[in-house]
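K.L.:
File coords.txt below, compact mmCIF, C-alpha atoms (C1' of nucleotides):
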```txt
# COMPACT_ATOMS: atom_id res chain seq x y z
CA MET P 1 20.13 12.74 15.49
CA ARG P 2 18.10 9.73 16.44
CA ARG P 3 19.59 6.94 18.48
CA LEU P 4 17.88 3.91 16.97
CA MET P 5 20.40 1.88 14.94
CA ILE P 6 19.17 -1.51 13.98
CA LYS P 7 21.55 -4.40 14.34
CA PRO P 8 22.10 -5.09 10.67
CA GLU P 9 22.27 -8.83 11.19
CA LEU P 10 18.92 -8.91 12.94
CA CYS P 11 17.31 -6.54 10.56
CA LYS P 12 13.85 -7.22 9.20
CA VAL P 13 13.93 -4.74 6.36
CA ASP P 14 14.27 -7.63 3.93
CA THR P 15 11.17 -9.21 5.39
CA ALA P 16 9.20 -6.07 4.70
CA LEU P 17 10.69 -5.67 1.25
CA GLY P 18 9.92 -9.26 0.39
CA ILE P 19 6.27 -8.47 0.86
CA ILE P 20 5.88 -5.11 -0.83
CA VAL P 21 8.18 -5.79 -3.72
CA GLY P 22 6.52 -6.95 -6.88
CA LYS P 23 6.12 -5.13 -10.12
CA TRP P 24 2.54 -4.06 -9.36
CA LYS P 25 2.13 -4.45 -5.63
CA PRO P 26 2.74 -0.87 -4.56
CA THR P 27 0.41 0.38 -7.26
CA ILE P 28 -2.32 -2.04 -6.23
CA LEU P 29 -1.91 -1.11 -2.58
CA LEU P 30 -2.06 2.57 -3.36
CA HIS P 31 -5.27 2.17 -5.30
CA LEU P 32 -6.81 0.20 -2.49
CA LEU P 33 -5.65 2.76 0.02
CA VAL P 34 -7.51 5.39 -1.95
CA GLU P 35 -10.64 3.42 -2.76
CA ASP P 36 -10.64 0.88 0.05
CA THR P 37 -12.54 -1.66 -2.02
CA LEU P 38 -12.38 -2.41 -5.72
CA ARG P 39 -13.60 -5.15 -7.99
CA PHE P 40 -11.12 -7.10 -10.06
CA ASN P 41 -11.90 -5.38 -13.31
CA ALA P 42 -12.12 -1.94 -11.72
CA LEU P 43 -8.59 -2.45 -10.49
CA LYS P 44 -7.56 -3.66 -13.89
CA ARG P 45 -8.96 -0.53 -15.50
CA LYS P 46 -7.02 1.64 -13.09
CA ILE P 47 -3.79 -0.14 -13.99
CA PRO P 48 -4.04 -0.30 -17.78
CA ASP P 49 -0.68 -1.98 -18.39
CA ILE P 50 -1.19 -4.92 -16.08
CA THR P 51 -2.24 -8.26 -17.51
CA GLN P 52 -4.96 -10.37 -15.96
CA ARG P 53 -2.45 -12.98 -15.01
CA MET P 54 -0.25 -10.51 -13.18
CA LEU P 55 -3.15 -8.80 -11.43
CA THR P 56 -4.36 -12.15 -10.15
CA LYS P 57 -0.90 -13.21 -9.06
CA GLN P 58 -0.02 -10.04 -7.22
CA LEU P 59 -3.41 -9.92 -5.52
CA ARG P 60 -3.06 -13.52 -4.36
CA GLU P 61 0.30 -12.75 -2.85
CA LEU P 62 -0.96 -9.65 -1.10
CA GLU P 63 -3.90 -11.66 0.16
CA GLU P 64 -1.63 -14.37 1.47
CA GLU P 65 0.27 -11.84 3.54
CA GLY P 66 -2.95 -10.43 4.94
CA LEU P 67 -2.67 -7.03 3.32
CA VAL P 68 -5.68 -7.49 1.11
CA SER P 69 -8.85 -9.48 1.56
CA ARG P 70 -10.84 -11.12 -1.19
CA THR P 71 -14.60 -11.47 -1.15
CA VAL P 72 -16.39 -13.61 -3.68
CA TYR P 73 -20.09 -12.98 -4.25
CA PRO P 74 -21.80 -16.09 -5.57
CA VAL P 75 -23.60 -14.43 -8.43
CA VAL P 76 -23.45 -14.54 -12.17
CA PRO P 77 -21.60 -12.92 -13.66
CA PRO P 78 -18.98 -13.31 -10.97
CA LYS P 79 -18.29 -10.47 -8.60
CA VAL P 80 -15.10 -10.37 -6.59
CA GLU P 81 -14.08 -7.51 -4.39
CA TYR P 82 -10.66 -6.72 -3.04
CA THR P 83 -10.32 -4.67 0.09
CA ILE P 84 -7.31 -3.41 1.93
CA THR P 85 -7.19 -4.80 5.45
CA PRO P 86 -6.57 -2.63 8.53
CA TYR P 87 -3.26 -4.40 8.69
CA GLY P 88 -2.46 -3.42 5.11
CA LYS P 89 -3.24 0.17 5.95
CA LYS P 90 -0.35 0.16 8.33
CA LEU P 91 1.93 0.21 5.31
CA GLU P 92 0.63 3.59 4.29
CA PRO P 93 3.15 5.74 6.14
CA ILE P 94 5.96 3.69 4.69
CA LEU P 95 4.64 3.91 1.17
CA HIS P 96 4.17 7.61 1.63
CA ALA P 97 7.71 8.06 2.90
CA MET P 98 9.07 6.08 -0.02
CA HIS P 99 7.04 8.16 -2.42
CA GLU P 100 8.47 11.37 -0.99
CA TRP P 101 11.97 10.01 -1.07
CA GLY P 102 11.50 8.83 -4.64
CA LYS P 103 10.25 12.24 -5.70
CA ALA P 104 13.21 13.93 -4.07
CA HIS P 105 15.53 11.49 -5.74
CA ILE P 106 14.16 12.30 -9.17
CA GLU P 107 14.43 16.03 -8.56
CA ARG P 108 17.94 15.61 -7.29
CA LYS P 109 18.99 13.80 -10.42
CA SER P 110 17.53 16.46 -12.67
CA GLN P 111 19.46 19.24 -10.95
CA PRO P 112 23.09 18.19 -10.55
CA SER P 113 23.72 21.45 -8.69
CA THR P 114 22.15 20.12 -5.51
CA GLU P 115 24.71 19.21 -2.91
CA GLU P 116 24.31 16.05 -0.85
CA MET F 1 -6.29 9.69 10.06
CA ARG F 2 -3.89 11.49 7.79
CA ARG F 3 -5.06 13.22 4.67
CA LEU F 4 -2.23 12.47 2.30
CA MET F 5 -3.28 10.03 -0.41
CA ILE F 6 -0.85 9.78 -3.24
CA LYS F 7 -2.24 9.64 -6.75
CA PRO F 8 -1.32 6.05 -7.51
CA GLU F 9 -0.55 6.83 -11.13
CA LEU F 10 1.94 9.54 -10.20
CA CYS F 11 3.45 7.55 -7.41
CA LYS F 12 7.20 7.39 -6.97
CA VAL F 13 7.27 4.44 -4.60
CA ASP F 14 8.63 2.31 -7.41
CA THR F 15 11.43 4.78 -7.96
CA ALA F 16 12.47 4.44 -4.34
CA LEU F 17 12.11 0.69 -4.40
CA GLY F 18 14.17 0.45 -7.55
CA ILE F 19 17.05 1.93 -5.63
CA ILE F 20 16.92 0.15 -2.32
CA VAL F 21 15.95 -3.23 -3.67
CA GLY F 22 18.80 -5.62 -4.18
CA LYS F 23 19.60 -8.74 -2.28
CA TRP F 24 22.27 -7.05 -0.15
CA LYS F 25 21.59 -3.35 -0.43
CA PRO F 26 19.61 -2.83 2.78
CA THR F 27 22.18 -4.83 4.72
CA ILE F 28 25.05 -2.80 3.29
CA LEU F 29 23.26 0.46 4.01
CA LEU F 30 22.51 -0.59 7.55
CA HIS F 31 26.12 -1.44 8.23
CA LEU F 32 27.24 1.88 6.82
CA LEU F 33 24.62 3.69 8.86
CA VAL F 34 26.12 2.11 11.94
CA GLU F 35 29.79 2.47 11.08
CA ASP F 36 29.68 5.37 8.65
CA THR F 37 32.82 4.20 6.88
CA LEU F 38 34.05 0.71 6.13
CA ARG F 39 36.71 -0.84 3.95
CA PHE F 40 35.73 -3.37 1.32
CA ASN F 41 36.90 -6.39 3.25
CA ALA F 42 35.55 -5.13 6.55
CA LEU F 43 32.13 -4.95 4.93
CA LYS F 44 32.65 -8.39 3.48
CA ARG F 45 33.46 -9.81 6.90
CA LYS F 46 30.32 -8.28 8.32
CA ILE F 47 28.23 -9.93 5.62
CA PRO F 48 29.66 -13.44 5.55
CA ASP F 49 27.35 -14.86 2.90
CA ILE F 50 27.99 -12.25 0.25
CA THR F 51 30.40 -12.98 -2.57
CA GLN F 52 32.99 -10.49 -3.69
CA ARG F 53 31.24 -10.09 -6.98
CA MET F 54 27.96 -9.24 -5.34
CA LEU F 55 29.49 -6.87 -2.83
CA THR F 56 31.19 -4.97 -5.61
CA LYS F 57 28.07 -4.87 -7.74
CA GLN F 58 25.73 -3.69 -5.03
CA LEU F 59 28.22 -1.08 -3.84
CA ARG F 60 28.65 0.26 -7.36
CA GLU F 61 24.92 0.61 -7.74
CA LEU F 62 24.56 2.37 -4.40
CA GLU F 63 27.41 4.64 -5.38
CA GLU F 64 25.80 5.45 -8.69
CA GLU F 65 22.67 6.61 -6.90
CA GLY F 66 24.68 8.77 -4.56
CA LEU F 67 23.89 6.82 -1.41
CA VAL F 68 27.43 5.69 -0.86
CA SER F 69 30.76 7.22 -1.76
CA ARG F 70 33.90 5.37 -2.65
CA THR F 71 37.38 6.55 -1.79
CA VAL F 72 40.44 4.87 -3.21
CA TYR F 73 43.75 5.37 -1.43
CA PRO F 74 46.67 4.93 -3.82
CA VAL F 75 48.65 2.60 -1.65
CA VAL F 76 49.71 -1.01 -1.77
CA PRO F 77 48.05 -3.11 -0.80
CA PRO F 78 44.96 -1.32 -2.06
CA LYS F 79 42.71 0.46 0.41
CA VAL F 80 39.20 1.42 -0.55
CA GLU F 81 36.71 2.95 1.83
CA TYR F 82 32.99 3.13 1.47
CA THR F 83 31.08 5.83 3.29
CA ILE F 84 27.41 6.55 3.50
CA THR F 85 26.61 9.99 2.12
CA PRO F 86 24.42 12.53 3.93
CA TYR F 87 21.93 11.83 1.20
CA GLY F 88 22.04 8.12 1.91
CA LYS F 89 21.38 8.83 5.55
CA LYS F 90 18.03 10.23 4.59
CA LEU F 91 16.92 6.67 3.96
CA GLU F 92 17.37 5.77 7.58
CA PRO F 93 13.87 6.58 8.81
CA ILE F 94 12.42 4.54 5.96
CA LEU F 95 14.65 1.57 6.64
CA HIS F 96 13.80 1.80 10.28
CA ALA F 97 10.07 1.91 9.57
CA MET F 98 10.38 -1.11 7.30
CA HIS F 99 12.32 -2.96 9.93
CA GLU F 100 9.61 -2.32 12.50
CA TRP F 101 6.91 -3.33 10.09
CA GLY F 102 8.82 -6.47 9.15
CA LYS F 103 9.24 -7.42 12.78
CA ALA F 104 5.55 -6.92 13.44
CA HIS F 105 4.76 -9.00 10.40
CA ILE F 106 6.83 -11.90 11.65
CA GLU F 107 5.27 -11.75 15.09
CA ARG F 108 1.83 -11.57 13.57
CA LYS F 109 2.44 -14.70 11.56
CA SER F 110 3.65 -16.64 14.56
CA GLN F 111 0.53 -15.86 16.58
CA PRO F 112 -2.57 -16.41 14.44
CA SER F 113 -4.68 -15.14 17.31
CA THR F 114 -3.83 -11.54 16.61
CA GLU F 115 -6.66 -9.69 14.93
CA GLU F 116 -5.74 -7.18 12.19
C1' DC D 1 43.31 -6.03 -0.60
C1' DA D 2 40.02 -5.18 -3.75
C1' DG D 3 38.60 -6.24 -7.22
C1' DT D 4 37.42 -8.70 -12.76
C1' DA D 5 36.03 -12.34 -15.88
C1' DT D 6 33.07 -16.38 -17.07
C1' DC D 7 29.58 -19.24 -16.81
C1' DC D 8 25.13 -20.77 -15.15
C1' DT D 9 20.23 -21.03 -13.43
C1' DA D 10 15.83 -19.95 -10.87
C1' DG D 11 12.09 -17.43 -11.12
C1' DC D 12 9.75 -13.01 -12.15
C1' DG D 13 7.10 -11.03 -15.36
C1' DG D 14 5.06 -10.74 -20.16
C1' DA D 15 2.09 -12.59 -24.30
C1' DT D 16 -1.54 -15.14 -25.67
C1' DA D 17 -5.39 -18.23 -25.57
C1' DC D 18 -9.03 -20.51 -23.19
C1' DT D 19 -13.17 -21.08 -19.44
C1' DG D 20 -17.04 -21.50 -15.61
C1' DC Z 1 -16.55 -11.05 -14.94
C1' DA Z 2 -12.82 -13.06 -13.07
C1' DG Z 3 -10.13 -15.80 -13.63
C1' DT Z 4 -6.55 -20.45 -15.53
C1' DA Z 5 -3.21 -22.62 -18.60
C1' DT Z 6 1.02 -22.46 -21.44
C1' DC Z 7 4.96 -20.92 -23.09
C1' DC Z 8 9.00 -18.10 -22.98
C1' DG Z 9 12.71 -14.42 -22.47
C1' DC Z 10 15.45 -11.77 -19.34
C1' DT Z 11 18.18 -10.71 -15.71
C1' DA Z 12 19.37 -10.74 -10.72
C1' DG Z 13 22.15 -13.32 -8.30
C1' DG Z 14 25.39 -17.31 -7.31
C1' DA Z 15 29.89 -20.35 -8.04
C1' DT Z 16 34.35 -20.29 -9.27
C1' DA Z 17 38.75 -18.78 -10.95
C1' DC Z 18 42.00 -15.27 -11.94
C1' DT Z 19 44.78 -10.43 -11.13
C1' DG Z 20 47.22 -5.62 -10.33
```
What does the file become when written as C-alpha cells?
P.N.:
Amino acid sequence: MRRLMIKPELCKVDTALGIIVGKWKPTILLHLLVEDTLRFNALKRKIPDITQRMLTKQLRELEEEGLVSRTVYPVVPPKVEYTITPYGKKLEPILHAMHEWGKAHIERKSQPSTEE
Amino acid sequence: MRRLMIKPELCKVDTALGIIVGKWKPTILLHLLVEDTLRFNALKRKIPDITQRMLTKQLRELEEEGLVSRTVYPVVPPKVEYTITPYGKKLEPILHAMHEWGKAHIERKSQPSTEE
DNA sequence: CAGTATCCTAGCGGATACTG
DNA sequence: CAGTATCCGCTAGGATACTG
C-alpha cells in the first residue's frame, strides 16, 4: 500500500487531462513517440481517419503546450516536420500505463467471471 | 530508456481515457480513494461546485464501469453509499502520475526559463 | 436524503471546398 | 504539401424545479 494520497481539491489530474484529451492527441503522441519526427502528410497517412483540419488543430494544441515542436522548411513544395519534445516524452510512462489499464479493462469486460 | 513502444493503431489509451474523462470523475475518484466510502451528500459537500444532476450522472457512469459500487440502505431518509472498488483502486497510480505531470506542467508554464 | 425531469448552450469534432 | 475557411450536428455539462 502506498502512502501518497493527493488532496483532491488541490489535484492537478484535470490539468494533465486537459492537455492529453482530444480525439486524436494520444494517437498523434504515440506515433511521434515511435518515430520521433514526422511530416504532416506522413502523420496523416498513419492516421487514415483524421481530417486535415483536425490534424492541424490537434497538432497546434500539442505544440502550444510544448509537447510537440513544429519546423517549417522554406522550400517548395512546403515541408513541415513535427517532432516530439523531450518534455512530451515525459508523458510516455503515463500513456503506457493508460494503455495497459485500457487493455485490462477490455479483457475484464469480455470475461464477466473475473472478480474485482 | 525503456523498450516498450505501443503500436499506436492498437493502442488502448483512448479506452482508458473514455472512462476517466468526465468533468468530475477524477475528483470523485480521488475523494473515494481517500475516504473509501462516502454517502451521496457527503461527496456533494466535498465537491461544492457540482450539481446533484452531475454528481448522479458521473457516479452512475463510474459504477457502470465497475470503478465504484453503490449500496442502497432501505431506510428513511434514504442512505446511499458509494465505495471505490478494488478494481477502481488500480487507477490510483495513473491518477497520481497525471497529478505529478500536471503539477510539473503548471510550474513549467510559470517559469519560461526552464528548458525542456 | 438522494435523487428525476426539463430545458438550454458552448464548443468539439466532422464534411467539404479552397489556396500559397 | 500543408494547410485555411465555412458550415453544421451532437452531446457533455449546467440551471432550475420537482419528488418518494
K.L.:
Hey, list the chain P side of the contact with chain D: 9 Å cut-off, only C-alpha atoms (C1' of nucleotides), answer as an NGL selection string.
P.N.:
:P and (22-23 or 51 or 54)
K.L.:
Show me as JSON, numbers by chain the residues that reach within 12 Å of (33.1, 7.0, -4.6), counting all atoms listed in the file and using the file's own coordinates.
P.N.:
{"F": [37, 59, 60, 61, 62, 63, 64, 65, 66, 67, 68, 69, 70, 71, 72, 73, 80, 81, 82, 83, 84, 85]}
K.L.:
Using all atoms listed in the file, list the residues that have an atom at most 7 Å from (47.0, -5.1, -6.9), coordinates as in the file, as a PyMOL selection string.
P.N.:
(chain F and resi 77-78) or (chain Z and resi 20)
K.L.:
Just the selected residues (C-alpha atoms (C1' of nucleotides)), exported as a PDB file, in the frame of the given file, please.
P.N.:
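Below is the file result.pdb, written as the result:
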```pdb
ATOM      1  CA  PRO F  77      48.050  -3.110  -0.800  1.00  0.00           C
ATOM      2  CA  PRO F  78      44.960  -1.320  -2.060  1.00  0.00           C
TER       3      PRO F  78
ATOM      4  C1'  DG Z  20      47.220  -5.620 -10.330  1.00  0.00           C
TER       5       DG Z  20
END
```
K.L.:
Neighbouring residues of segment 9-13 of chain P were defined as those with any atom within 12 Å, considering all atoms listed in the file; residues of the same chain fewer than 4 positions away were excluded. Please report them as an MDAnalysis selection string.
P.N.:
(chainID P and resid 5 17:21 94) or (chainID F and resid 20:31 34 46:49 92:107)
K.L.:
Mind giving me the straight-line distance from atom CA of Lys89 of chain F to atom CA of Leu33 of chain F in Å, one decimal?
P.N.:
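The value is 6.9 Å.
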K.L.:
Residues of chain Z within 9 Å of chain F, counting all atoms listed in the file - could you list those as a PDB file with C-alpha atoms (C1' of nucleotides), in the frame of the given file?
P.N.:
```
ATOM      1  C1'  DA Z  12      19.370 -10.740 -10.720  1.00  0.00           C
ATOM      2  C1'  DG Z  13      22.150 -13.320  -8.300  1.00  0.00           C
ATOM      3  C1'  DG Z  14      25.390 -17.310  -7.310  1.00  0.00           C
TER       4       DG Z  14
END
```
K.L.:
Quick one: pull the distance between atom CA of Arg45 of chain F and atom CA of Ile6 of chain P, Å, one decimal.
P.N.:
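Going from atom CA of Arg45 of chain F over to atom CA of Ile6 of chain P covers 18.0 Å.
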K.L.:
Atom C1' of DT11 of chain Z and atom CA of Pro8 of chain F, how far apart in Å?
P.N.:
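Atom-to-atom, atom CA of Pro8 of chain F to atom C1' of DT11 of chain Z, that is 27.0 Å.
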K.L.:
Under the rule that only C-alpha atoms are counted, which of P:Leu38, P:Ser110, P:Lys79, P:Gly88 is the nearest residue to chain F?
P.N.:
P:Gly88
K.L.:
Reconstruct all heavy atoms of segment 78-89 of chain F from the incomplete input and present them as a short mmCIF file (atom, residue, chain, number, x, y, z; two decimals), in the coordinates of the input.
P.N.:
```cif
data_model
loop_
_atom_site.label_atom_id
_atom_site.label_comp_id
_atom_site.auth_asym_id
_atom_site.auth_seq_id
_atom_site.Cartn_x
_atom_site.Cartn_y
_atom_site.Cartn_z
N PRO F 78 46.04 -2.27 -1.83
CA PRO F 78 44.96 -1.32 -2.06
C PRO F 78 44.13 -1.07 -0.81
O PRO F 78 43.97 -1.94 0.05
CB PRO F 78 44.10 -2.01 -3.12
CG PRO F 78 44.95 -3.02 -3.74
CD PRO F 78 45.98 -3.40 -2.75
N LYS F 79 43.61 0.13 -0.69
CA LYS F 79 42.71 0.46 0.41
C LYS F 79 41.57 1.28 -0.17
O LYS F 79 41.79 2.33 -0.77
CB LYS F 79 43.46 1.27 1.47
CG LYS F 79 42.56 1.80 2.57
CD LYS F 79 43.37 2.49 3.65
CE LYS F 79 42.45 3.19 4.65
NZ LYS F 79 43.21 3.88 5.71
N VAL F 80 40.38 0.74 -0.02
CA VAL F 80 39.20 1.42 -0.55
C VAL F 80 38.18 1.53 0.57
O VAL F 80 37.85 0.54 1.21
CB VAL F 80 38.60 0.65 -1.73
CG1 VAL F 80 37.36 1.36 -2.26
CG2 VAL F 80 39.63 0.48 -2.84
N GLU F 81 37.70 2.73 0.78
CA GLU F 81 36.71 2.95 1.83
C GLU F 81 35.36 3.34 1.26
O GLU F 81 35.27 4.15 0.33
CB GLU F 81 37.19 4.04 2.79
CG GLU F 81 38.23 3.54 3.78
CD GLU F 81 38.61 4.62 4.77
OE1 GLU F 81 38.27 5.79 4.55
OE2 GLU F 81 39.27 4.29 5.77
N TYR F 82 34.35 2.79 1.86
CA TYR F 82 32.99 3.13 1.47
C TYR F 82 32.32 3.87 2.62
O TYR F 82 32.36 3.42 3.76
CB TYR F 82 32.20 1.87 1.12
CG TYR F 82 32.71 1.23 -0.14
CD1 TYR F 82 33.72 0.28 -0.11
CD2 TYR F 82 32.20 1.61 -1.38
CE1 TYR F 82 34.20 -0.29 -1.28
CE2 TYR F 82 32.67 1.05 -2.55
CZ TYR F 82 33.67 0.11 -2.50
OH TYR F 82 34.15 -0.44 -3.64
N THR F 83 31.72 4.99 2.28
CA THR F 83 31.08 5.83 3.29
C THR F 83 29.65 6.12 2.86
O THR F 83 29.37 6.30 1.67
CB THR F 83 31.85 7.16 3.41
OG1 THR F 83 33.22 6.87 3.67
CG2 THR F 83 31.27 8.01 4.53
N ILE F 84 28.78 6.16 3.83
CA ILE F 84 27.41 6.55 3.50
C ILE F 84 27.37 8.07 3.36
O ILE F 84 27.97 8.78 4.15
CB ILE F 84 26.42 6.05 4.57
CG1 ILE F 84 24.99 6.33 4.13
CG2 ILE F 84 26.70 6.69 5.94
CD1 ILE F 84 24.06 5.20 4.35
N THR F 85 26.70 8.54 2.34
CA THR F 85 26.61 9.99 2.12
C THR F 85 25.50 10.58 2.99
O THR F 85 24.62 9.86 3.45
CB THR F 85 26.27 10.29 0.66
OG1 THR F 85 24.98 9.75 0.36
CG2 THR F 85 27.30 9.68 -0.28
N PRO F 86 25.51 11.87 3.20
CA PRO F 86 24.42 12.53 3.93
C PRO F 86 23.09 12.21 3.26
O PRO F 86 22.08 11.99 3.92
CB PRO F 86 24.76 14.01 3.81
CG PRO F 86 26.23 14.06 3.60
CD PRO F 86 26.57 12.83 2.82
N TYR F 87 23.13 12.17 1.96
CA TYR F 87 21.93 11.83 1.20
C TYR F 87 21.46 10.41 1.53
O TYR F 87 20.27 10.16 1.74
CB TYR F 87 22.23 11.97 -0.28
CG TYR F 87 21.09 11.63 -1.18
CD1 TYR F 87 19.90 12.33 -1.12
CD2 TYR F 87 21.19 10.61 -2.11
CE1 TYR F 87 18.84 12.02 -1.95
CE2 TYR F 87 20.16 10.30 -2.95
CZ TYR F 87 18.99 11.00 -2.87
OH TYR F 87 17.95 10.69 -3.71
N GLY F 88 22.40 9.49 1.58
CA GLY F 88 22.04 8.12 1.91
C GLY F 88 21.44 8.01 3.31
O GLY F 88 20.56 7.18 3.56
N LYS F 89 21.91 8.86 4.18
CA LYS F 89 21.38 8.83 5.55
C LYS F 89 19.92 9.18 5.62
O LYS F 89 19.22 8.81 6.57
CB LYS F 89 22.19 9.80 6.42
CG LYS F 89 23.58 9.29 6.74
CD LYS F 89 24.31 10.21 7.70
CE LYS F 89 25.74 9.72 7.93
NZ LYS F 89 26.55 10.70 8.67
#
```
